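Q: Before we start, here is the structure in question, set down as structure tokens.
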Amino acid sequence: MANYLYLNKFNKNGNLAMNKKVFVTIGKESLKDVVGIAQKDEKLEKSKPSVVAIIRSNKISYKFNLLVEKDVSKEIIKEEVIKNLNVNLLNQCEAVPFDISFSFTDVKK
């Protein structure tokens, strides 16, 4: 499994390679300020991380494992995360091919 995504640069300096950890961080930043997502504790985050980034065929695949508040629209959360992810990726690098999958778990009170 690849650890780097190679970005073509349109200048004569060559290619830029970004580590998978960078994309995980960009994914986590995309979750900030999204209403309805509950924070995970460290123990749960280690066993089931909220953001997993996988690089295959120079494409990034995001898997979001989100803990959400009850009675929150999961479709709205998806839209917000996708919008934030698009903005964050374009701010950090050129256009990157990616796909996203979500899994939701409701907060138990």
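Each chain in the structure tokens gets a letter, A, B and so on, in the order shown; residues start at 1 in every chain, and ligands are counted from 1 in the order they appear.
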Find the residues around range 20-26 of chain A up to 6 Å (only C-alpha atoms counted), leave out those fewer than 5 positions away in its own chain, and share them as a list of chain:residue names.
A: A:Asn3, A:Tyr4, A:Ala53
Q: How would you write, as an MDAnalysis selection string, the set of residues in range 2-90 of chain A that DSSP gives as strand (DSSP E or B)?
A: chainID A and resid 2 4:8 15:19 37 51:56 59:68
Q: Tell me which protein, DNA and RNA residues are within 10 Å of Lys78 in chain A, counting only C-alpha atoms, leaving out same-chain ones fewer than 5 positions away, and put them as a PyMOL selection string.
A: chain A and resi 34+64+73+83-84+100-102
Q: In Å, how far is it from CA of Leu90 in chain A to CA of Lys46 in chain A?
A: 28.0 Å
Q: Smallest atom-to-atom distance to Val51 in chain A: which of A:Glu29, A:Val107, A:Lys63, A:Ala38, using only C-alpha atoms?
A: A:Lys63
Q: Expressed in Å to a single decimal, how great is the separation between CA of Lys40 in chain A and CA of Leu67 in chain A?
A: 7.2 Å
Q: What is the CA of Leu5 in chain A-CA of Leu31 in chain A distance in Å, reported with one decimal?
A: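 Computing the Euclidean distance for CA of Leu5 in chain A and CA of Leu31 in chain A yields 21.6 Å.
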Q: Here is a test: counting only C-alpha atoms, which residue of A:Glu69, A:Glu45, A:Glu79, A:Asp33 is nearest to Lys108 in chain A?
A: A:Glu69
Q: Name the closest residue to Ala2 in chain A among the candidates A:Glu75, A:Leu89, A:Leu66, A:Ser57; distances are taken between atoms, counting only C-alpha atoms.
A: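 The answer is A:Ser57, which sits nearest to Ala2 in chain A.
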